[in-house]
Amino acid sequence: MRVNGMPMRTIWPVAGHFAVEVIDQTVLPHRYEVLRLASVEDVARAICGMQVRGAPLIGVAAAYGVALAMTRRADDAALLAAVERLAATRPTAVNLRWALARVQHFLLPLSPDLRAEAAWREAARIADEDVEQCRRIGQNGLRLLRSRIGASGRLEVMTHCNAGWLATVDCGTALAPVYAAFDAGLEVHVWVSETRPRNQGLLTAWELAQHGVPHTLIVDNAAGLLLARGGIDAVIVGADRIAANGDVANKIGSYLKALAASAAGVPFLVAAPRSTIDFACPNGAAIPIEERSADELRLVHGCDAAGVAARLRQLPLGEAVVNPAFDVTPALLIEALISERGCCPASREGLLTLYPEERHD
């Protein structure tokens with residue numbers, strides 16, 4: 001994708017340095033800044049602080065985090081410590097553990113003197129695979145969306161959170177079909193939820209604007225009214241974990257949109273790569289839900305009248321707050337799952353039609 005007309009990824013190794021650089025997503029959309037990460041602890045802090053966010057991107061960043069650790073020390077203890085540190089950063093997104101397990105399995109049989117170079121190569125492979133998977137998600141989703149175009153000839157899509165290229169290495173998951181539709185010359189318009197309390201919808205609006213895709217930002221609570229009024233052809237979101245039965249964990253508020261879409265007769269679609277599917281997790285009830293800091297609700301981030309970044313306290317320090325980061329949408333509310341291998345019903349059998357190698361019965 002592009003930033004100010006220049007092709008970009010969200011993460012890249014720095015030539016000639018043992019470091020990676022990422023787009024700092026905590027300062028968007030007001031500023032565009034690049035953050036350099038030079039150690040496994042840098043990567044862990046960036047993931048915890050959501051400077052790096054989005055389930056697929058978290059997995060890739062973690063793989064590079066292991067490579068950074070192996071550059072400093074590459075014995076078994078250092079490898080396992082790096083994996084353990086990174087695995088503890090975000091509990092819900094399964095891509096994180098998937099990437100760490102893959103890198104650990106790849107590196108453990110190697111002698112320590114070979115691990116650093118091998119870790120960098122493997123992290124780069126994971127990044128490139130993510131780009132290709134997201135591209136295929138875009139094409140598979142485009143075929144599905146084409147069939148949803150209404151009488152107006154324009155495709156009206158609602159989304160939630162940010163599942164565009166900022167949440168992956170490139171292309172995105174939920175937004176990949178939108179970009180594919182736009183690039184194919186289809187008339188498309190996106191209804192973007194703000195996605196409180198982290199306001200990731202502002203990231204979606206920023207990247208859509210960078211690509212020139214028409215869009216409108218809405219408050220989260222407007223979604224039900226807009227769906228009930230008609231004129232929206234599909235709701236499409238990403239995922240942080242898909243259970244074996246098709247239940248989906250995604251950013252808090254996704255479940256409410258699925259309920260509203262069901263009531264309005266609008267298809268609710270989920271787009272995610274294989275690394276987001278957890279065949280070892282039987283259903284949504286088994287997915288751990290991350291609880292984040294109460295200050296995400298107590299404080300509002302933005303810019304003051306002079307354009308300077310500022311924080312505004314909207315709640316007293318002692319106000320009781322619960323801040324779950326994700327919710328679970330039951331499979332019965334999901335019309336289709338979109339992956340790099342195609343589209344399927346949100347069910348165990350549906351997933352196994354795309355991934356028959358996971359059938360063990």
# chains A, B, ... in the order shown; residues from 1 in each chain; ligands from 1
>>> residues_around(residues="A:Met6", least_positions_apart="5", cutoff="12 Å", atoms="only C-alpha atoms", output="list in words")
Met1, Gln210 and His211 of chain A
>>> residues_around(residues="stretch 283-287 of chain A", least_positions_apart="4", cutoff="8 Å", atoms="only C-alpha atoms", output="PDB file with N, CA and C atoms, in the first residue's frame")
ATOM      1  N   THR A  92      -4.971 -12.788  23.310  1.00  0.00           N
ATOM      2  CA  THR A  92      -6.104 -13.192  22.487  1.00  0.00           C
ATOM      3  C   THR A  92      -5.700 -13.546  21.058  1.00  0.00           C
ATOM      4  N   ARG A 241      -8.809 -14.320  16.587  1.00  0.00           N
ATOM      5  CA  ARG A 241      -8.753 -15.778  16.704  1.00  0.00           C
ATOM      6  C   ARG A 241     -10.074 -16.355  16.209  1.00  0.00           C
ATOM      7  N   ILE A 242      -9.982 -17.399  15.395  1.00  0.00           N
ATOM      8  CA  ILE A 242     -11.149 -18.137  14.942  1.00  0.00           C
ATOM      9  C   ILE A 242     -11.070 -19.526  15.546  1.00  0.00           C
ATOM     10  N   ALA A 243     -12.077 -19.885  16.346  1.00  0.00           N
ATOM     11  CA  ALA A 243     -12.103 -21.202  16.977  1.00  0.00           C
ATOM     12  C   ALA A 243     -12.466 -22.271  15.947  1.00  0.00           C
ATOM     13  N   ALA A 244     -12.246 -23.525  16.315  1.00  0.00           N
ATOM     14  CA  ALA A 244     -12.464 -24.635  15.387  1.00  0.00           C
ATOM     15  C   ALA A 244     -13.910 -24.752  14.934  1.00  0.00           C
ATOM     16  N   ASN A 245     -14.849 -24.258  15.740  1.00  0.00           N
ATOM     17  CA  ASN A 245     -16.264 -24.345  15.359  1.00  0.00           C
ATOM     18  C   ASN A 245     -16.752 -23.124  14.587  1.00  0.00           C
ATOM     19  N   GLY A 246     -15.849 -22.165  14.299  1.00  0.00           N
ATOM     20  CA  GLY A 246     -16.215 -20.985  13.527  1.00  0.00           C
ATOM     21  C   GLY A 246     -16.538 -19.753  14.345  1.00  0.00           C
ATOM     22  N   ASP A 247     -16.570 -19.863  15.676  1.00  0.00           N
ATOM     23  CA  ASP A 247     -16.727 -18.666  16.508  1.00  0.00           C
ATOM     24  C   ASP A 247     -15.516 -17.754  16.298  1.00  0.00           C
ATOM     25  N   VAL A 248     -15.741 -16.441  16.376  1.00  0.00           N
ATOM     26  CA  VAL A 248     -14.677 -15.480  16.050  1.00  0.00           C
ATOM     27  C   VAL A 248     -14.493 -14.466  17.171  1.00  0.00           C
ATOM     28  N   ALA A 249     -13.268 -14.339  17.657  1.00  0.00           N
ATOM     29  CA  ALA A 249     -12.900 -13.255  18.568  1.00  0.00           C
ATOM     30  C   ALA A 249     -12.343 -12.103  17.745  1.00  0.00           C
ATOM     31  N   VAL A 328     -16.646 -12.086  21.386  1.00  0.00           N
ATOM     32  CA  VAL A 328     -16.739 -13.281  20.546  1.00  0.00           C
ATOM     33  C   VAL A 328     -18.067 -13.269  19.805  1.00  0.00           C
ATOM     34  N   THR A 329     -18.007 -13.364  18.496  1.00  0.00           N
ATOM     35  CA  THR A 329     -19.199 -13.476  17.660  1.00  0.00           C
ATOM     36  C   THR A 329     -19.462 -14.948  17.376  1.00  0.00           C
ATOM     37  N   PRO A 330     -20.638 -15.463  17.766  1.00  0.00           N
ATOM     38  CA  PRO A 330     -20.940 -16.873  17.505  1.00  0.00           C
ATOM     39  C   PRO A 330     -21.007 -17.172  16.010  1.00  0.00           C
TER      40      PRO A 330
END
>>> residues_around(residues="A:Met8", least_positions_apart="3", cutoff="12 Å", atoms="only C-alpha atoms", output="ChimeraX atom specification")
/A:1-5,11-12,21-23,34,131,165-166,168-171,207,210-211
>>> closest_residue(among="A:Leu86, A:Tyr64, A:Met158, A:His215", to="A:Ala118", atoms="only C-alpha atoms")
A:Tyr64
>>> select_by_dssp(residues="stretch 19-225 of chain A", states="helix (DSSP H, G or I)", output="ChimeraX atom specification")
/A:40-48,55-72,76-87,94-107,112-146,165-167,176-183,201-211,220-225
>>> select_by_dssp(residues="stretch 183-342 of chain A", states="strand (DSSP E or B)", output="PyMOL selection string")
chain A and resi 187-193+215-218+234-237+241-243+248-251+268-271+277-278+291+299-303+309-313+324+326-329+336-339+342
>>> closest_residue(among="A:Gly253, A:Pro7, A:Gly201, A:Pro112", to="A:Ala74", atoms="only C-alpha atoms")
A:Pro112
>>> closest_residue(among="A:Arg121, A:Arg90, A:Lys257, A:Arg53", to="A:Val103", atoms="only C-alpha atoms")
A:Arg121
>>> closest_residue(among="A:Pro109, A:Pro56, A:Gly307, A:Pro13", to="A:Pro273", atoms="only C-alpha atoms")
A:Pro56
>>> atom_distance(atom1="atom CA of A:Glu296", atom2="atom CA of A:Ala88")
19.9 Å
>>> residues_around(residues="A:Pro267", least_positions_apart="6", cutoff="8 Å", atoms="only C-alpha atoms", output="list in words")
Asp233, Ala234, Val235, Ala261, Ile334 and Glu335 of chain A
>>> write_last_selection(atoms="all heavy atoms", output="PDB file, in the first residue's frame")
ATOM      1  N   ASP A 233     -24.525  -3.196   2.077  1.00  0.00           N
ATOM      2  CA  ASP A 233     -24.522  -4.494   1.406  1.00  0.00           C
ATOM      3  C   ASP A 233     -23.848  -5.588   2.223  1.00  0.00           C
ATOM      4  O   ASP A 233     -24.171  -6.766   2.058  1.00  0.00           O
ATOM      5  CB  ASP A 233     -23.819  -4.366   0.049  1.00  0.00           C
ATOM      6  CG  ASP A 233     -24.508  -3.360  -0.851  1.00  0.00           C
ATOM      7  OD1 ASP A 233     -25.717  -3.518  -1.079  1.00  0.00           O
ATOM      8  OD2 ASP A 233     -23.834  -2.401  -1.286  1.00  0.00           O
ATOM      9  N   ALA A 234     -22.898  -5.227   3.081  1.00  0.00           N
ATOM     10  CA  ALA A 234     -22.205  -6.238   3.876  1.00  0.00           C
ATOM     11  C   ALA A 234     -21.454  -5.566   5.015  1.00  0.00           C
ATOM     12  O   ALA A 234     -21.038  -4.406   4.900  1.00  0.00           O
ATOM     13  CB  ALA A 234     -21.217  -7.033   3.016  1.00  0.00           C
ATOM     14  N   VAL A 235     -21.309  -6.294   6.115  1.00  0.00           N
ATOM     15  CA  VAL A 235     -20.400  -5.920   7.196  1.00  0.00           C
ATOM     16  C   VAL A 235     -19.228  -6.890   7.120  1.00  0.00           C
ATOM     17  O   VAL A 235     -19.429  -8.112   7.049  1.00  0.00           O
ATOM     18  CB  VAL A 235     -21.075  -6.008   8.574  1.00  0.00           C
ATOM     19  CG1 VAL A 235     -20.072  -5.634   9.679  1.00  0.00           C
ATOM     20  CG2 VAL A 235     -22.300  -5.113   8.640  1.00  0.00           C
ATOM     21  N   ALA A 261     -26.511  -6.633  12.241  1.00  0.00           N
ATOM     22  CA  ALA A 261     -26.528  -7.076  10.848  1.00  0.00           C
ATOM     23  C   ALA A 261     -27.514  -8.222  10.663  1.00  0.00           C
ATOM     24  O   ALA A 261     -28.259  -8.267   9.668  1.00  0.00           O
ATOM     25  CB  ALA A 261     -25.124  -7.504  10.419  1.00  0.00           C
ATOM     26  N   ILE A 334     -22.433 -15.482  11.532  1.00  0.00           N
ATOM     27  CA  ILE A 334     -21.441 -15.192  10.479  1.00  0.00           C
ATOM     28  C   ILE A 334     -21.844 -15.903   9.196  1.00  0.00           C
ATOM     29  O   ILE A 334     -21.993 -17.129   9.180  1.00  0.00           O
ATOM     30  CB  ILE A 334     -20.038 -15.651  10.929  1.00  0.00           C
ATOM     31  CG1 ILE A 334     -19.636 -14.934  12.231  1.00  0.00           C
ATOM     32  CG2 ILE A 334     -19.004 -15.391   9.839  1.00  0.00           C
ATOM     33  CD1 ILE A 334     -18.423 -15.527  12.911  1.00  0.00           C
ATOM     34  N   GLU A 335     -22.022 -15.131   8.133  1.00  0.00           N
ATOM     35  CA  GLU A 335     -22.427 -15.752   6.863  1.00  0.00           C
ATOM     36  C   GLU A 335     -21.284 -16.508   6.212  1.00  0.00           C
ATOM     37  O   GLU A 335     -21.486 -17.563   5.608  1.00  0.00           O
ATOM     38  CB  GLU A 335     -22.973 -14.704   5.895  1.00  0.00           C
ATOM     39  CG  GLU A 335     -23.319 -15.292   4.543  1.00  0.00           C
ATOM     40  CD  GLU A 335     -24.333 -14.492   3.774  1.00  0.00           C
ATOM     41  OE1 GLU A 335     -25.348 -14.072   4.367  1.00  0.00           O
ATOM     42  OE2 GLU A 335     -24.120 -14.295   2.575  1.00  0.00           O
TER      43      GLU A 335
END
>>> atom_distance(atom1="atom CA of A:Ala63", atom2="atom CA of A:Ala123")
5.1 Å
>>> atom_distance(atom1="atom CA of A:Gly59", atom2="atom CA of A:Tyr355")
20.3 Å
>>> residues_around(residues="A:Val178", least_positions_apart="5", cutoff="9 Å", atoms="only C-alpha atoms", output="MDAnalysis selection string")
chainID A and resid 138 141:142 145 157 183 188:190 213
>>> residues_around(residues="A:Ala44", least_positions_apart="6", cutoff="12 Å", atoms="only C-alpha atoms", output="short mmCIF file (atom, residue, chain, number, x, y, z; two decimals) with C-alpha atoms, in the first residue's frame")
data_model
loop_
_atom_site.label_atom_id
_atom_site.label_comp_id
_atom_site.auth_asym_id
_atom_site.auth_seq_id
_atom_site.Cartn_x
_atom_site.Cartn_y
_atom_site.Cartn_z
CA LEU A 37 13.14 -1.68 17.34
CA ALA A 38 16.57 -3.07 18.19
CA MET A 50 -0.06 -1.12 20.46
CA GLN A 51 2.55 0.75 18.48
CA VAL A 52 2.44 -2.52 16.58
CA ARG A 53 -1.10 -3.95 16.44
CA ILE A 58 1.81 -8.92 15.80
CA GLY A 59 2.85 -12.41 14.68
CA ALA A 61 6.77 -8.57 14.66
CA ALA A 62 7.22 -11.37 17.19
CA ALA A 63 9.15 -13.43 14.64
CA TYR A 64 11.49 -10.48 14.09
CA GLY A 65 11.70 -10.10 17.87
CA VAL A 66 13.12 -13.62 18.12
CA LEU A 68 16.75 -9.73 17.35
CA ALA A 69 17.18 -11.90 20.44
CA ALA A 82 12.53 -14.64 23.95
CA VAL A 83 9.57 -16.80 22.94
CA GLU A 84 8.15 -16.70 26.47
CA ARG A 85 8.55 -12.91 26.75
CA LEU A 86 6.86 -12.23 23.43
CA ALA A 87 4.07 -14.78 23.98
CA ALA A 88 3.02 -12.91 27.15
CA THR A 89 2.39 -9.59 25.37
CA ARG A 90 -1.14 -10.20 23.98
CA LEU A 96 1.35 -14.36 17.95
#
>>> closest_residue(among="A:Pro91, A:Pro214, A:Gly150, A:Pro282", to="A:Ala325", atoms="only C-alpha atoms")
A:Pro91
